[in-house]
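Below is one structure, written out as structure tokens; the observations come after it.
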Amino acid sequence: MSNNDIFKKLRVALELNNEDIIMILGLVNFKITKSELGSFFRSDDHPNFKPCGDQILRNFLNGLVIYKRGPRVEKPAAPKAD
């Protein structure tokens, strides 16, 4: 299963549109255009098909965690024993 297949299945399962995905990628400061994003969801034999790289899928998954759970909250450090 390719990164494109995983990306497509997540998009359908989570009922996300292109604007949602662009916003999710923005949560991890990753910028992408609608046309670049659309090239990942085309069929393999389409002339404008583009393979989805690991970096894009990784950033999407990291952004998805923030989108679903909220930003990470750092716990205060425990006081040091003297």
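We name chains A, B, ... following the order of the structure tokens; residues begin at 1 in each chain, and ligands are numbered from 1 as shown.
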
>> List as a PyMOL selection string the protein and nucleic acid residues near range 28-34 of chain A, meaning an atom at most 7 Å away when only C-alpha atoms are counted, but skip any in the same chain fewer than 2 places from it.
In response: chain A and resi 18+22+25-26+36-38+59+63

>> I want to know what sits within 12 Å of Lys50 in chain A, based on only C-alpha atoms, with residues of the same chain fewer than 2 positions away left out; could you give that as a ChimeraX atom specification?
In response: /A:2-4,35-48,52-53,56

I need the chosen residues saved as an mmCIF file, in the first residue's frame, with C-alpha atoms.
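Wrote part.cif, looks like this:
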data_model
loop_
_atom_site.group_PDB
_atom_site.id
_atom_site.type_symbol
_atom_site.label_atom_id
_atom_site.label_comp_id
_atom_site.auth_asym_id
_atom_site.auth_seq_id
_atom_site.Cartn_x
_atom_site.Cartn_y
_atom_site.Cartn_z
ATOM 1 C CA SER A 2 1.457 3.341 -1.038
ATOM 2 C CA ASN A 3 1.456 6.631 0.873
ATOM 3 C CA ASN A 4 -1.076 7.895 -1.676
ATOM 4 C CA SER A 35 -3.180 21.742 -6.892
ATOM 5 C CA GLU A 36 -0.221 20.006 -5.224
ATOM 6 C CA LEU A 37 -2.595 18.255 -2.853
ATOM 7 C CA GLY A 38 -4.930 17.215 -5.685
ATOM 8 C CA SER A 39 -2.069 15.498 -7.515
ATOM 9 C CA PHE A 40 -1.779 12.967 -4.655
ATOM 10 C CA PHE A 41 -5.420 11.905 -5.000
ATOM 11 C CA ARG A 42 -5.354 11.250 -8.758
ATOM 12 C CA SER A 43 -5.159 7.756 -10.235
ATOM 13 C CA ASP A 44 -1.701 6.327 -10.866
ATOM 14 C CA ASP A 45 -2.012 6.583 -14.650
ATOM 15 C CA HIS A 46 -3.113 10.254 -14.704
ATOM 16 C CA PRO A 47 -0.494 12.585 -16.231
ATOM 17 C CA ASN A 48 -0.617 14.920 -13.192
ATOM 18 C CA CYS A 52 3.049 11.249 -1.868
ATOM 19 C CA GLY A 53 6.366 11.381 -0.054
ATOM 20 C CA ILE A 56 4.027 14.957 3.532
#

> Hey, what does DSSP flag as alpha helix (DSSP H) within range 41-72 of chain A? Can you give it to me as a list in words?
Replying inline: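 For range 41-72 of chain A, the alpha helix (DSSP H) set is Asp54, Gln55, Ile56, Leu57, Arg58, Asn59, Phe60, Leu61, Asn62, Gly63, Leu64, Val65, Ile66, Tyr67, Lys68 and Arg69 of chain A.
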